[in-house]
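Asks: Dumping the structure here so I can ask a few things about it.
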2 protein chains.
Amino acid sequence: MDESKPALLPQSRVAIVGLGLMGGSLALALRGHCAQILGSDTDPAALTLARERHAIDAAIHFEDAVQCDLIILAAPIQAILEQIERLSQLPAGDSQGLILIDLGSTKTDIVAAMQALPAHYDPIGGHPMCGKEKSGIVHAEATLFKGNTFILTPLARTSRRAMRMAHEMIAAIDATPHILSAERHDALVAVTSHLPYLVATVLMQTAHSLHDEEAWTVAASGFRDTSRLAASDVTMMIDVLLSNRAHILDALQRYRAELDSLTQLIDSGDPSALRAALTPPHTRRAGLFV
Amino acid sequence: MDESKPALLPQSRVAIVGLGLMGGSLALALRGHCAQILGSDTDPAALTLARERHAIDAAIHFEDAVQCDLIILAAPIQAILEQIERLSQLPAGDSQGLILIDLGSTKTDIVAAMQALPAHYDPIGGHPMCGKEKSGIVHAEATLFKGNTFILTPLARTSRRAMRMAHEMIAAIDATPHILSAERHDALVAVTSHLPYLVATVLMQTAHSLHDEEAWTVAASGFRDTSRLAASDVTMMIDVLLSNRAHILDALQRYRAELDSLTQLIDSGDPSALRAALTPPHTRRAGLFV
């Protein structure tokens, strides 16, 4: 980022499309860092709450987002893809180099759609690596992004100016930028984000398969944390699973092979073989997130 | 519990054998609720730290635990089994109705060993449903048990007096008692506690199998929580896996069947079938731990 140039964000009118957990939190986090924050959502209740929480200055129609300097698409993936298609059909108007960032959880499909946008758009893919198992602006928090990684997946056509805007936005919300290709992003998050959701869901299904209410009484903090992601928003996750299917199936195949291998070790009952298998993941996990 | 009788715990000398995370936390939580707390551990550093933290009044040799009114075995399962064997070989002395509670994570083997103890012991199995992925008295906390379930697995020979002592102890540490047979306890925790540990470990192994350092950069709070239990104490977990092997293998089989079923659904790419499969675990998990 060229520090000698004046910052872009403080002079910018920002349109946030989709005022759920992520869009709502971003609106709250950007307060005071840009000229104006305008919000669009198909749900009138979300717009009302966004105004009540002072997350946005005003509600706008989706089509009016093109009058802003920066558009942030913060809906689930399928909705983002539809919005990009709609943006491509709007007349260019005065807007030149209209910067467009999305917050979608998978990037290959979105970046491909962005690549096909008319030339007056200046798009870049984004994915803040944070979230909650609760959805909706009612759970939005200004500090959601703080201290977390914010992945950027620039396109070949992404300008230095859009890159700079993205970096200013990430700095404003106290996140840390990390640049990846869309393909590489999707391969990595299949294992670090989508697989944990599936693992948690399968754990919930397994506990339910006992059909024993007392199981929930003995479930403690270990079960609580391991199963937490099963409560993630289903609509959001279906989009994720379908738009990153190949990488996720590969992650599941790897996971199943590791599961079978550990199951065999337990079946064999050999304590030294178990120790040799359990110690490396123990050591690696003890050294993470510290 | 007969409320008209005078409480047992305040007059009792309590011996805690094993001053790790659980034994150390119990010592801290019982402070002020009994006449004296004595501690035994094979590790001199644990005894020193227990004294420095004022968790115990004094260190004792294991054999002297039989001079107390209540013995709490708080070591890993294999060590508890060895300690029960050693207790069975000590001379009876003056002790009559010496109450013995353990904190082991699996109960069938321990309760079977307790059943074979000489008549002057009054044993009962116990399992506090709480913990941390960090071990050792250095991580012990007086509030570890607060608000959590404490499972009791009484034997046929367990007296009402021992039952009363156990309930007084659980009340003193602000936990909630829940009574189960040892067999039923082991079947339930195989799914709610041991399976989550394995799920977390296999997730860590899968992420490691990428051999890609950048995976750890993009790992966020979802991965953090789902993988947390992989950092559990390995020695403790080997004892758990081997002493509850049949139930755990059954849990793994159920889990694998659910995993395969969900994998097929993702492979098929049918959004309505995915929604039908993902919504029930979502709803159940959203209603838990609230």
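Scheme for the structure tokens: letters A, B, ... for chains in order shown; per-chain residue numbers from 1; ligand numbers from 1 in order shown.
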Skipping near chain neighbours, those fewer than 6 positions away, what residues fall within 10 Å of segment 86-90 of chain A using only C-alpha atoms, listed as a list in words?

Replies: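 The residues that qualify are Phe62, Glu63, Asp64, Ala65, Val66, Ile80, Ala113, Met114, Ala116, Leu117, Pro118, Ala119, His120 and Tyr121 of chain A.
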
Asks: Please write the residues from the selection above to a file, keeping N, CA and C atoms, as a short mmCIF file (atom, residue, chain, number, x, y, z; two decimals), in the first residue's frame.

Replies:
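Full text of result_14.cif as output:
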data_model
loop_
_atom_site.label_atom_id
_atom_site.label_comp_id
_atom_site.auth_asym_id
_atom_site.auth_seq_id
_atom_site.Cartn_x
_atom_site.Cartn_y
_atom_site.Cartn_z
N PHE A 62 -31.12 -2.04 -3.94
CA PHE A 62 -29.91 -2.68 -4.47
C PHE A 62 -29.35 -1.90 -5.67
N GLU A 63 -30.22 -1.47 -6.57
CA GLU A 63 -29.77 -0.80 -7.80
C GLU A 63 -29.02 0.50 -7.50
N ASP A 64 -29.33 1.12 -6.36
CA ASP A 64 -28.69 2.39 -6.03
C ASP A 64 -27.28 2.21 -5.46
N ALA A 65 -26.91 0.95 -5.19
CA ALA A 65 -25.56 0.70 -4.67
C ALA A 65 -24.50 1.19 -5.65
N VAL A 66 -24.84 1.20 -6.96
CA VAL A 66 -23.85 1.60 -7.96
C VAL A 66 -23.55 3.10 -7.90
N ILE A 80 -24.96 -13.70 -3.73
CA ILE A 80 -23.86 -12.87 -4.25
C ILE A 80 -23.73 -13.09 -5.76
N ALA A 113 -17.35 -15.07 -11.64
CA ALA A 113 -18.46 -14.18 -12.01
C ALA A 113 -17.98 -12.73 -12.04
N MET A 114 -17.13 -12.35 -11.09
CA MET A 114 -16.58 -11.00 -11.06
C MET A 114 -15.76 -10.71 -12.31
N ALA A 116 -16.25 -11.57 -15.22
CA ALA A 116 -17.10 -11.28 -16.38
C ALA A 116 -17.85 -9.95 -16.26
N LEU A 117 -17.64 -9.20 -15.17
CA LEU A 117 -18.34 -7.92 -14.99
C LEU A 117 -17.87 -6.88 -16.03
N PRO A 118 -18.74 -5.91 -16.39
CA PRO A 118 -18.32 -4.82 -17.30
C PRO A 118 -17.11 -4.07 -16.74
N ALA A 119 -16.43 -3.38 -17.63
CA ALA A 119 -15.12 -2.77 -17.29
C ALA A 119 -15.20 -1.67 -16.25
N HIS A 120 -16.39 -1.06 -16.04
CA HIS A 120 -16.43 0.04 -15.07
C HIS A 120 -16.45 -0.48 -13.62
N TYR A 121 -16.51 -1.78 -13.43
CA TYR A 121 -16.37 -2.35 -12.08
C TYR A 121 -14.91 -2.70 -11.82
#

Asks: Should the cut-off be 6 Å, what would the residue list for chain B against chain A look like, counting only C-alpha atoms, as a list in words?

Replies: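 Contact residues on the first chain: Met129, Leu188, Thr192, Pro196, Val202, Met204, Thr206, Ala215, Ala219, Ala220, Phe223, Asp225, Thr226, Ala230, Ala231, Tyr255, Glu258, Leu259, Pro281, His282, Arg285 and Ala286 of chain B.
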
Asks: Work out how far apart atom CA of Val111 of chain A and atom CA of Arg161 of chain A are and give it in Å to one decimal.

Replies: 17.8 Å

Asks: Just how far from atom CA of Leu28 of chain A is atom CA of Thr48 of chain A, in Å to one decimal?

Replies: 14.5 Å

Asks: Do you know which residues are at most 9 Å from Gly20 of chain A counting only C-alpha atoms, after dropping those on the same chain fewer than 4 positions away, and could you put them as a ChimeraX atom specification?

Replies: /A:24-25,41,46,74-75,135-140

Asks: Which residue out of B:Glu141, B:Ala15, B:Ala45, B:Ala55 has the minimum interatomic distance to Leu98 of chain B when only C-alpha atoms are used?

Replies: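 Using only C-alpha atoms, the shortest distance to Leu98 of chain B belongs to B:Ala15.
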
Asks: Using only C-alpha atoms, which protein or nucleic acid residues come within 10 Å of Ile170 of chain B? Drop anything in the same chain fewer than 3 positions from it, and give the result as a short mmCIF file (atom, residue, chain, number, x, y, z; two decimals) with C-alpha atoms, in the first residue's frame.

Replies:
data_model
loop_
_atom_site.label_atom_id
_atom_site.label_comp_id
_atom_site.auth_asym_id
_atom_site.auth_seq_id
_atom_site.Cartn_x
_atom_site.Cartn_y
_atom_site.Cartn_z
CA LEU B 26 -11.19 -30.51 43.54
CA ALA B 29 -13.00 -26.29 45.37
CA LEU B 30 -13.26 -28.24 48.68
CA PRO B 128 -17.23 -34.91 36.96
CA PHE B 145 -16.94 -28.10 38.54
CA LYS B 146 -19.34 -25.22 39.06
CA ASN B 148 -21.52 -28.96 35.64
CA THR B 149 -22.94 -32.47 35.96
CA PHE B 150 -21.13 -34.85 38.36
CA ILE B 151 -22.01 -38.45 37.56
CA LEU B 152 -22.13 -41.00 40.37
CA ARG B 164 -24.55 -38.90 51.35
CA MET B 165 -20.85 -37.96 51.49
CA ALA B 166 -20.70 -37.94 47.68
CA HIS B 167 -23.74 -35.67 47.49
CA ILE B 173 -18.18 -27.81 44.61
CA ASP B 174 -21.42 -26.41 43.07
CA ALA B 175 -21.92 -29.34 40.68
CA THR B 176 -25.14 -31.25 39.94
CA PRO B 177 -25.28 -34.98 40.77
#

Asks: Give me, as a ChimeraX atom specification, the residues of segment 19-215 of chain A that a backbone DSSP run labels strand (DSSP E).

Replies: /A:36-40,58-59,70-73,98-102,121-128,149-154,176-179

Asks: Mind pulling up the distance from atom CA of Ile72 of chain B to atom CA of Arg13 of chain B?

Replies: 11.0 Å

Asks: List as a PyMOL selection string the protein and nucleic acid residues near Glu168 of chain B, meaning an atom at most 8 Å away when only C-alpha atoms are counted, but skip any in the same chain fewer than 5 places from it.

Replies: chain B and resi 7-9

Asks: Using only C-alpha atoms, which residue out of A:Glu82, A:Asp186, A:Asp57, A:Asp69 lies closest to Gly32 of chain A?

Replies: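 Using only C-alpha atoms, the shortest distance to Gly32 of chain A belongs to A:Asp57.
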
Asks: Need to verify the contact set: segment 99-110 of chain A, 6 Å, only C-alpha atoms, exclusion of same-chain residues closer than 6 positions in sequence. Can you return it as a ChimeraX atom specification?

Replies: /A:70-74,77,122-127,162,182-183,186

Asks: Would you please give, as a PyMOL selection string, all residues of segment 148-286 of chain B that DSSP assigns to alpha helix (DSSP H) based on the backbone?

Replies: chain B and resi 160-172+182-189+195-208+214-218+221-227+234-243+245-268+271-286

Asks: Residues at most 10 Å from Ala58 of chain B, counting only C-alpha atoms, excluding those fewer than 5 positions away in the same chain, as a list in words?

Replies: Ala15, Gln36, Ile37, Leu38, Gly39, Ser40, Leu47, Thr48, Ala50 and Arg51 of chain B

Asks: Keeping only N, CA, C and O atoms, write the selected residues to a file as a compact mmCIF listing (two decimals), in the first residue's frame.

Replies:
# COMPACT_ATOMS: atom_id res chain seq x y z
N ALA B 15 -8.40 -37.19 51.68
CA ALA B 15 -7.14 -37.45 50.97
C ALA B 15 -7.42 -37.44 49.47
O ALA B 15 -8.29 -38.17 49.00
N GLN B 36 -9.84 -31.16 56.78
CA GLN B 36 -8.45 -31.12 56.34
C GLN B 36 -8.36 -31.73 54.94
O GLN B 36 -9.10 -32.66 54.63
N ILE B 37 -7.46 -31.18 54.12
CA ILE B 37 -7.24 -31.77 52.79
C ILE B 37 -5.78 -32.18 52.68
O ILE B 37 -4.88 -31.35 52.82
N LEU B 38 -5.57 -33.48 52.46
CA LEU B 38 -4.23 -34.02 52.33
C LEU B 38 -4.06 -34.51 50.90
O LEU B 38 -5.02 -34.97 50.28
N GLY B 39 -2.84 -34.37 50.38
CA GLY B 39 -2.63 -34.71 48.97
C GLY B 39 -1.50 -35.69 48.78
O GLY B 39 -0.51 -35.67 49.51
N SER B 40 -1.65 -36.55 47.78
CA SER B 40 -0.61 -37.51 47.43
C SER B 40 -0.41 -37.47 45.92
O SER B 40 -1.38 -37.36 45.16
N LEU B 47 3.16 -31.83 44.19
CA LEU B 47 2.93 -31.63 45.62
C LEU B 47 3.38 -30.24 46.05
O LEU B 47 2.69 -29.55 46.81
N THR B 48 4.54 -29.82 45.56
CA THR B 48 5.05 -28.49 45.90
C THR B 48 4.07 -27.41 45.43
O THR B 48 3.71 -26.50 46.19
N ALA B 50 0.91 -27.78 44.77
CA ALA B 50 -0.35 -27.90 45.52
C ALA B 50 -0.24 -27.17 46.86
O ALA B 50 -1.20 -26.51 47.30
N ARG B 51 0.91 -27.28 47.50
CA ARG B 51 1.10 -26.55 48.76
C ARG B 51 1.19 -25.05 48.52
O ARG B 51 0.59 -24.26 49.22
